[in-house]
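Engineer: Next up is a structure, given as structure tokens.
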Amino acid sequence: MKQVLFTDLDGTLLDLDDYSYEAALPALKTLQRRNIPVVFCTAKTLAENEYYRKELGIEDPFIVDNGGAIFIPENYFSFGFECKKKGSYCVIELGASYEKLRKALKEIKEETGFKITGFGDMTAEEVGADANLDVEKAKLAKEKEYNESFIFDEPKEKEVILFEKIKDKGFAVTHGGRYYNIHGKNADKGKAVKILTELFKREYGEVKTIGVGDSMNDIPMLKAVEQPALVKNKKGGWLDISLPNLYKAQGEGPEGWVEVVERLILISQ
Ligand SMILES: [Mg+2]
């Protein structure tokens with residue numbers, strides 16, 4: 001049966017601190033040799049996804065901005081479907097525009113006085129320093145289209161108010177490993193995974209989906225796949241969720257990722 005791997009990037013395929021992926025390379029090559037699609041499902045932007053696709057030699061579809069849009073390389077599937085042409089991609093958009101998200105954050109800031117700093121408020125140098133990225137990569141991280149990442153510099157208990165405000169304005173919020181993200185209500189990793197899974201099924205008939213992540217923003221993706229898996233986070237534990245059939249890798253970040261690929265995908269081939 002065709003297997004499809006949906007994977008988060010930060011803290012999962014990429015190390016959360018230095019974004020390294022060396023540990024995952026051999027397993028990644030094996031997946032490619034066996035024609036198992038590796039679908040990035042991440043908060044990262046189109047520009048960042050393109051960078052890592054090139055680095056890792058991956059040519060499969062990918063989900064950007066926390067489910068904001070699905071990018072499918074032209075002619076990847078043998079059939080046509082409804083999408084928006086954008087360069088060499090066929091794009092299915094689920095999210096709200098960056099302008100609307102920025103406007104909502106600005107309003108919340110004014111209404112609450114919360115210390116909220118979005119990527120749009122920061123220079124590439126500032127984003128780079130905060131996210132431990134070089135300036136070139138920070139520029140790619142700032143090219144957001146369907147999501148805004150921000151720092152919420154307030155006590156944890158004020159999070160509830162923040163979440164409510166975002167909901168009231170008709171948007172959704174997720175907390176990744178490093179930043180909070182505001183996005184459209186329909187921009188959801190889970191919805192994007194389901195749409196792509198249907199396309200894979202149309203192409204291959206029966207499909208087995210595996211999803212791997214590390215934090216809260218991965219929950220919708222993990223719920224949308226048949227075989228969810230978690231890697232350990234930097235605190236040496238796992239995200240606190242219980243899901244049927246959930247596999248918890250012993251390794252952290254890319255090391256846990258390799259374990260998931262070896263134990264759940266390659267072994268059943
Ligand atoms: Mg992550």
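To be explicit about the labels: the chains of the structure tokens are called A, B, and onward in the order shown, and within each one the residues are counted from 1, while ligands get numbers from 1 in the order they are shown.
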Around ligand 1, which protein and nucleic acid residues have at least one atom no more than 7 Å from it, if we count only C-alpha atoms and all ligand atoms? List them as a JSON list (two decimals) with all heavy atoms, in the first residue's frame.
Structural biologist:
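pocket_8.json was written with the following content:
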[["chain", "number", "residue", "atom", "x", "y", "z"],
["A", 8, "ASP", "N", 6.10, 17.66, 10.30],
["A", 8, "ASP", "CA", 6.40, 18.99, 10.78],
["A", 8, "ASP", "C", 7.91, 19.23, 10.53],
["A", 8, "ASP", "O", 8.67, 18.27, 10.37],
["A", 8, "ASP", "CB", 6.07, 19.05, 12.28],
["A", 8, "ASP", "CG", 6.54, 20.34, 12.92],
["A", 8, "ASP", "OD1", 6.24, 21.41, 12.37],
["A", 8, "ASP", "OD2", 7.21, 20.28, 13.97],
["A", 9, "LEU", "N", 8.32, 20.49, 10.52],
["A", 9, "LEU", "CA", 9.75, 20.76, 10.35],
["A", 9, "LEU", "C", 10.41, 21.15, 11.68],
["A", 9, "LEU", "O", 11.12, 20.34, 12.27],
["A", 9, "LEU", "CB", 9.97, 21.85, 9.28],
["A", 9, "LEU", "CG", 9.61, 21.44, 7.84],
["A", 9, "LEU", "CD1", 9.84, 22.60, 6.87],
["A", 9, "LEU", "CD2", 10.41, 20.23, 7.38],
["A", 10, "ASP", "N", 10.14, 22.37, 12.17],
["A", 10, "ASP", "CA", 10.83, 22.84, 13.39],
["A", 10, "ASP", "C", 10.61, 21.93, 14.59],
["A", 10, "ASP", "O", 9.47, 21.70, 15.01],
["A", 10, "ASP", "CB", 10.31, 24.24, 13.76],
["A", 10, "ASP", "CG", 10.71, 25.29, 12.73],
["A", 10, "ASP", "OD1", 11.62, 25.02, 11.93],
["A", 10, "ASP", "OD2", 10.10, 26.37, 12.73],
["A", 11, "GLY", "N", 11.70, 21.43, 15.12],
["A", 11, "GLY", "CA", 11.61, 20.59, 16.30],
["A", 11, "GLY", "C", 11.30, 19.14, 15.98],
["A", 11, "GLY", "O", 11.25, 18.29, 16.87],
["A", 12, "THR", "N", 11.07, 18.85, 14.70],
["A", 12, "THR", "CA", 10.74, 17.48, 14.30],
["A", 12, "THR", "C", 11.79, 16.99, 13.29],
["A", 12, "THR", "O", 12.73, 16.31, 13.67],
["A", 12, "THR", "CB", 9.30, 17.40, 13.73],
["A", 12, "THR", "OG1", 8.40, 17.90, 14.71],
["A", 12, "THR", "CG2", 8.92, 15.99, 13.37],
["A", 176, "GLY", "N", 3.45, 27.15, 18.36],
["A", 176, "GLY", "CA", 4.46, 26.21, 17.87],
["A", 176, "GLY", "C", 5.52, 26.02, 18.94],
["A", 176, "GLY", "O", 5.31, 26.36, 20.10],
["A", 177, "GLY", "N", 6.66, 25.52, 18.58],
["A", 177, "GLY", "CA", 7.71, 25.32, 19.56],
["A", 177, "GLY", "C", 8.27, 26.64, 20.07],
["A", 177, "GLY", "O", 8.73, 26.75, 21.19],
["A", 213, "GLY", "N", 5.13, 14.98, 14.49],
["A", 213, "GLY", "CA", 5.27, 16.35, 14.96],
["A", 213, "GLY", "C", 5.81, 16.40, 16.37],
["A", 213, "GLY", "O", 6.17, 15.37, 16.95],
["A", 214, "ASP", "N", 5.84, 17.62, 16.93],
["A", 214, "ASP", "CA", 6.40, 17.76, 18.27],
["A", 214, "ASP", "C", 5.59, 18.68, 19.18],
["A", 214, "ASP", "O", 5.79, 18.69, 20.38],
["A", 214, "ASP", "CB", 7.84, 18.29, 18.21],
["A", 214, "ASP", "CG", 7.89, 19.75, 17.79],
["A", 214, "ASP", "OD1", 7.21, 20.12, 16.81],
["A", 214, "ASP", "OD2", 8.58, 20.54, 18.46],
["A", 215, "SER", "N", 4.71, 19.52, 18.61],
["A", 215, "SER", "CA", 4.07, 20.49, 19.50],
["A", 215, "SER", "C", 2.60, 20.73, 19.16],
["A", 215, "SER", "O", 2.04, 20.12, 18.26],
["A", 215, "SER", "CB", 4.85, 21.80, 19.50],
["A", 215, "SER", "OG", 4.81, 22.37, 18.22]]
Engineer: Once you count only C-alpha atoms, what closest atom pair and distance in Å to one decimal does each residue of segment 158-231 of chain A within 9 Å of segment 257-264 of chain A have, with rows by chain and rising residue number, as JSON lines?
Structural biologist:
{"residue": "A:Ile210", "atom": "CA", "partner": "A:Leu264", "partner_atom": "CA", "distance": 8.1}
{"residue": "A:Val212", "atom": "CA", "partner": "A:Trp257", "partner_atom": "CA", "distance": 7.3}
{"residue": "A:Gly213", "atom": "CA", "partner": "A:Trp257", "partner_atom": "CA", "distance": 8.5}
{"residue": "A:Gln227", "atom": "CA", "partner": "A:Leu264", "partner_atom": "CA", "distance": 8.3}
{"residue": "A:Ala229", "atom": "CA", "partner": "A:Val260", "partner_atom": "CA", "distance": 7.0}
{"residue": "A:Leu230", "atom": "CA", "partner": "A:Trp257", "partner_atom": "CA", "distance": 8.3}
{"residue": "A:Val231", "atom": "CA", "partner": "A:Trp257", "partner_atom": "CA", "distance": 6.4}
Engineer: Which polymer residues have any atom within 6 Å of an atom of Lys189 of chain A, counting only C-alpha atoms, with same-chain residues fewer than 3 positions away left out, as a PyMOL selection string?
Structural biologist: chain A and resi 66-67+192+220-221
Engineer: List the neighbours of Ile195 of chain A out to 12 Å using only C-alpha atoms; skip same-chain residues closer than 3 positions along the sequence, and give me the result as a PDB file with N, CA, C and O atoms, in the first residue's frame.
Structural biologist:
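Listing of out_1.pdb after writing:
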ATOM      1  N   PRO A  61       4.362  17.534  -2.642  1.00  0.00           N
ATOM      2  CA  PRO A  61       3.570  18.702  -2.215  1.00  0.00           C
ATOM      3  C   PRO A  61       3.945  19.110  -0.790  1.00  0.00           C
ATOM      4  O   PRO A  61       4.557  18.319  -0.061  1.00  0.00           O
ATOM      5  N   PHE A  62       3.550  20.314  -0.400  1.00  0.00           N
ATOM      6  CA  PHE A  62       3.851  20.764   0.962  1.00  0.00           C
ATOM      7  C   PHE A  62       2.795  21.749   1.447  1.00  0.00           C
ATOM      8  O   PHE A  62       2.116  22.396   0.654  1.00  0.00           O
ATOM      9  N   ILE A  63       2.698  21.809   2.766  1.00  0.00           N
ATOM     10  CA  ILE A  63       1.679  22.635   3.424  1.00  0.00           C
ATOM     11  C   ILE A  63       2.406  23.755   4.170  1.00  0.00           C
ATOM     12  O   ILE A  63       3.271  23.477   4.997  1.00  0.00           O
ATOM     13  N   GLY A  67      -0.949  25.352   7.603  1.00  0.00           N
ATOM     14  CA  GLY A  67      -2.183  24.932   6.947  1.00  0.00           C
ATOM     15  C   GLY A  67      -2.833  26.045   6.141  1.00  0.00           C
ATOM     16  O   GLY A  67      -3.942  25.879   5.649  1.00  0.00           O
ATOM     17  N   ALA A  69      -2.018  27.167   3.213  1.00  0.00           N
ATOM     18  CA  ALA A  69      -2.145  26.796   1.798  1.00  0.00           C
ATOM     19  C   ALA A  69      -1.378  25.507   1.516  1.00  0.00           C
ATOM     20  O   ALA A  69      -0.416  25.179   2.206  1.00  0.00           O
ATOM     21  N   ILE A  70      -1.858  24.810   0.476  1.00  0.00           N
ATOM     22  CA  ILE A  70      -1.199  23.581   0.027  1.00  0.00           C
ATOM     23  C   ILE A  70      -0.572  23.886  -1.328  1.00  0.00           C
ATOM     24  O   ILE A  70      -1.264  24.376  -2.232  1.00  0.00           O
ATOM     25  N   PHE A  71       0.705  23.631  -1.450  1.00  0.00           N
ATOM     26  CA  PHE A  71       1.404  23.839  -2.720  1.00  0.00           C
ATOM     27  C   PHE A  71       1.681  22.479  -3.353  1.00  0.00           C
ATOM     28  O   PHE A  71       2.323  21.628  -2.737  1.00  0.00           O
ATOM     29  N   ILE A  72       1.190  22.310  -4.571  1.00  0.00           N
ATOM     30  CA  ILE A  72       1.371  21.040  -5.273  1.00  0.00           C
ATOM     31  C   ILE A  72       2.120  21.318  -6.572  1.00  0.00           C
ATOM     32  O   ILE A  72       1.674  22.140  -7.379  1.00  0.00           O
ATOM     33  N   PHE A  81      -7.382  19.198 -10.974  1.00  0.00           N
ATOM     34  CA  PHE A  81      -8.273  19.543  -9.853  1.00  0.00           C
ATOM     35  C   PHE A  81      -8.259  21.054  -9.680  1.00  0.00           C
ATOM     36  O   PHE A  81      -7.410  21.742 -10.242  1.00  0.00           O
ATOM     37  N   GLU A  82      -9.230  21.527  -8.915  1.00  0.00           N
ATOM     38  CA  GLU A  82      -9.382  22.969  -8.773  1.00  0.00           C
ATOM     39  C   GLU A  82      -8.262  23.561  -7.907  1.00  0.00           C
ATOM     40  O   GLU A  82      -8.042  23.113  -6.780  1.00  0.00           O
ATOM     41  N   CYS A  83      -7.590  24.555  -8.438  1.00  0.00           N
ATOM     42  CA  CYS A  83      -6.515  25.195  -7.672  1.00  0.00           C
ATOM     43  C   CYS A  83      -6.149  26.517  -8.340  1.00  0.00           C
ATOM     44  O   CYS A  83      -6.656  26.849  -9.399  1.00  0.00           O
ATOM     45  N   VAL A  91      -2.009  25.765  -6.315  1.00  0.00           N
ATOM     46  CA  VAL A  91      -2.151  26.102  -4.897  1.00  0.00           C
ATOM     47  C   VAL A  91      -3.605  26.019  -4.432  1.00  0.00           C
ATOM     48  O   VAL A  91      -4.499  26.539  -5.087  1.00  0.00           O
ATOM     49  N   ILE A  92      -3.808  25.359  -3.316  1.00  0.00           N
ATOM     50  CA  ILE A  92      -5.126  25.330  -2.684  1.00  0.00           C
ATOM     51  C   ILE A  92      -5.014  26.198  -1.430  1.00  0.00           C
ATOM     52  O   ILE A  92      -4.274  25.867  -0.507  1.00  0.00           O
ATOM     53  N   GLU A  93      -5.724  27.320  -1.451  1.00  0.00           N
ATOM     54  CA  GLU A  93      -5.610  28.266  -0.330  1.00  0.00           C
ATOM     55  C   GLU A  93      -6.692  28.028   0.708  1.00  0.00           C
ATOM     56  O   GLU A  93      -7.869  27.936   0.373  1.00  0.00           O
ATOM     57  N   LEU A  94      -6.311  27.950   1.962  1.00  0.00           N
ATOM     58  CA  LEU A  94      -7.270  27.762   3.052  1.00  0.00           C
ATOM     59  C   LEU A  94      -7.276  28.952   4.013  1.00  0.00           C
ATOM     60  O   LEU A  94      -8.234  29.172   4.734  1.00  0.00           O
ATOM     61  N   ALA A 187      -7.493  27.743   8.077  1.00  0.00           N
ATOM     62  CA  ALA A 187      -6.100  27.359   7.863  1.00  0.00           C
ATOM     63  C   ALA A 187      -5.751  26.409   8.991  1.00  0.00           C
ATOM     64  O   ALA A 187      -5.613  26.801  10.129  1.00  0.00           O
ATOM     65  N   ASP A 188      -5.620  25.160   8.670  1.00  0.00           N
ATOM     66  CA  ASP A 188      -5.494  24.168   9.711  1.00  0.00           C
ATOM     67  C   ASP A 188      -4.710  23.012   9.099  1.00  0.00           C
ATOM     68  O   ASP A 188      -5.035  22.537   8.005  1.00  0.00           O
ATOM     69  N   LYS A 189      -3.671  22.618   9.777  1.00  0.00           N
ATOM     70  CA  LYS A 189      -2.840  21.540   9.249  1.00  0.00           C
ATOM     71  C   LYS A 189      -3.677  20.287   8.963  1.00  0.00           C
ATOM     72  O   LYS A 189      -3.443  19.577   8.002  1.00  0.00           O
ATOM     73  N   GLY A 190      -4.668  20.048   9.811  1.00  0.00           N
ATOM     74  CA  GLY A 190      -5.504  18.851   9.665  1.00  0.00           C
ATOM     75  C   GLY A 190      -6.326  18.882   8.388  1.00  0.00           C
ATOM     76  O   GLY A 190      -6.383  17.906   7.643  1.00  0.00           O
ATOM     77  N   LYS A 191      -6.952  20.035   8.120  1.00  0.00           N
ATOM     78  CA  LYS A 191      -7.758  20.166   6.897  1.00  0.00           C
ATOM     79  C   LYS A 191      -6.880  19.976   5.674  1.00  0.00           C
ATOM     80  O   LYS A 191      -7.247  19.300   4.723  1.00  0.00           O
ATOM     81  N   ALA A 192      -5.717  20.606   5.727  1.00  0.00           N
ATOM     82  CA  ALA A 192      -4.797  20.505   4.586  1.00  0.00           C
ATOM     83  C   ALA A 192      -4.357  19.055   4.376  1.00  0.00           C
ATOM     84  O   ALA A 192      -4.307  18.576   3.240  1.00  0.00           O
ATOM     85  N   GLU A 198      -6.875  12.965   0.163  1.00  0.00           N
ATOM     86  CA  GLU A 198      -7.858  12.624  -0.871  1.00  0.00           C
ATOM     87  C   GLU A 198      -7.214  12.612  -2.253  1.00  0.00           C
ATOM     88  O   GLU A 198      -7.508  11.747  -3.068  1.00  0.00           O
ATOM     89  N   LEU A 199      -6.336  13.578  -2.502  1.00  0.00           N
ATOM     90  CA  LEU A 199      -5.664  13.624  -3.807  1.00  0.00           C
ATOM     91  C   LEU A 199      -4.740  12.409  -3.984  1.00  0.00           C
ATOM     92  O   LEU A 199      -4.706  11.792  -5.047  1.00  0.00           O
ATOM     93  N   PHE A 200      -4.022  12.066  -2.921  1.00  0.00           N
ATOM     94  CA  PHE A 200      -3.156  10.873  -2.992  1.00  0.00           C
ATOM     95  C   PHE A 200      -3.991   9.612  -3.226  1.00  0.00           C
ATOM     96  O   PHE A 200      -3.588   8.726  -3.971  1.00  0.00           O
ATOM     97  N   LYS A 201      -5.173   9.555  -2.604  1.00  0.00           N
ATOM     98  CA  LYS A 201      -6.041   8.386  -2.780  1.00  0.00           C
ATOM     99  C   LYS A 201      -6.547   8.286  -4.215  1.00  0.00           C
ATOM    100  O   LYS A 201      -6.665   7.189  -4.761  1.00  0.00           O
ATOM    101  N   ARG A 202      -6.853   9.448  -4.782  1.00  0.00           N
ATOM    102  CA  ARG A 202      -7.318   9.458  -6.174  1.00  0.00           C
ATOM    103  C   ARG A 202      -6.234   8.910  -7.090  1.00  0.00           C
ATOM    104  O   ARG A 202      -6.505   8.244  -8.075  1.00  0.00           O
ATOM    105  N   MET A 221      -2.885  17.933  12.525  1.00  0.00           N
ATOM    106  CA  MET A 221      -2.253  17.015  11.565  1.00  0.00           C
ATOM    107  C   MET A 221      -2.259  15.590  12.125  1.00  0.00           C
ATOM    108  O   MET A 221      -2.594  14.631  11.425  1.00  0.00           O
ATOM    109  N   ALA A 224      -5.478  13.907  11.857  1.00  0.00           N
ATOM    110  CA  ALA A 224      -5.951  13.665  10.483  1.00  0.00           C
ATOM    111  C   ALA A 224      -5.261  12.478   9.810  1.00  0.00           C
ATOM    112  O   ALA A 224      -5.635  12.107   8.711  1.00  0.00           O
ATOM    113  N   VAL A 225      -4.254  11.903  10.460  1.00  0.00           N
ATOM    114  CA  VAL A 225      -3.550  10.772   9.841  1.00  0.00           C
ATOM    115  C   VAL A 225      -3.927   9.460  10.539  1.00  0.00           C
ATOM    116  O   VAL A 225      -4.447   9.468  11.647  1.00  0.00           O
TER     117      VAL A 225
END
Engineer: Taking only C-alpha atoms into account, produce a table as JSON lines in which each residue of segment 101-152 of chain A with an atom at most 10 Å from an atom of segment 40-56 of chain A appears once, together with its shortest atom pair and the distance in Å to one decimal, ordered by chain and rising number.
Structural biologist:
{"residue": "A:Lys137", "atom": "CA", "partner": "A:Glu48", "partner_atom": "CA", "distance": 7.4}
{"residue": "A:Ala138", "atom": "CA", "partner": "A:Glu48", "partner_atom": "CA", "distance": 9.1}
{"residue": "A:Lys139", "atom": "CA", "partner": "A:Ala47", "partner_atom": "CA", "distance": 8.9}
{"residue": "A:Leu140", "atom": "CA", "partner": "A:Ala47", "partner_atom": "CA", "distance": 5.3}
{"residue": "A:Ala141", "atom": "CA", "partner": "A:Thr45", "partner_atom": "CA", "distance": 6.1}
{"residue": "A:Lys142", "atom": "CA", "partner": "A:Thr45", "partner_atom": "CA", "distance": 7.8}
{"residue": "A:Glu143", "atom": "CA", "partner": "A:Thr45", "partner_atom": "CA", "distance": 6.3}
{"residue": "A:Lys144", "atom": "CA", "partner": "A:Thr45", "partner_atom": "CA", "distance": 5.6}
{"residue": "A:Glu145", "atom": "CA", "partner": "A:Thr45", "partner_atom": "CA", "distance": 7.4}
{"residue": "A:Tyr146", "atom": "CA", "partner": "A:Thr45", "partner_atom": "CA", "distance": 8.5}
{"residue": "A:Asn147", "atom": "CA", "partner": "A:Ala43", "partner_atom": "CA", "distance": 7.8}
{"residue": "A:Glu148", "atom": "CA", "partner": "A:Ala43", "partner_atom": "CA", "distance": 9.3}
{"residue": "A:Ser149", "atom": "CA", "partner": "A:Ala43", "partner_atom": "CA", "distance": 8.6}
Engineer: Those selected residues, please, written with C-alpha atoms and delivered as an mmCIF file, in the first residue's frame.
Structural biologist:
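Wrote it out as part-v1.cif, contents follow:
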data_model
loop_
_atom_site.group_PDB
_atom_site.id
_atom_site.type_symbol
_atom_site.label_atom_id
_atom_site.label_comp_id
_atom_site.auth_asym_id
_atom_site.auth_seq_id
_atom_site.Cartn_x
_atom_site.Cartn_y
_atom_site.Cartn_z
ATOM 1 C CA LYS A 137 16.964 32.664 6.314
ATOM 2 C CA ALA A 138 15.277 35.306 8.478
ATOM 3 C CA LYS A 139 14.249 37.121 5.286
ATOM 4 C CA LEU A 140 12.613 33.912 4.048
ATOM 5 C CA ALA A 141 10.872 33.509 7.420
ATOM 6 C CA LYS A 142 9.403 36.995 7.096
ATOM 7 C CA GLU A 143 7.765 36.240 3.735
ATOM 8 C CA LYS A 144 4.501 35.184 5.329
ATOM 9 C CA GLU A 145 1.313 34.982 3.280
ATOM 10 C CA TYR A 146 -1.308 33.165 5.386
ATOM 11 C CA ASN A 147 0.089 33.352 8.916
ATOM 12 C CA GLU A 148 1.782 35.758 11.309
ATOM 13 C CA SER A 149 4.186 34.525 13.960
#
Engineer: Under the rule that only C-alpha atoms are counted, which of A:Val135, A:Lys223, A:Thr174, A:Leu16 is the nearest residue to Val193 of chain A?
Structural biologist: A:Lys223
Engineer: In Å to one decimal, how far is atom CA of Asp60 of chain A from atom CA of Tyr89 of chain A?
Structural biologist: 11.0 Å
Engineer: Please run DSSP on the backbone and report, as a PyMOL selection string, all residues within segment 16-108 of chain A that come out as alpha helix (DSSP H).
Structural biologist: chain A and resi 25-33+46-56+98-108
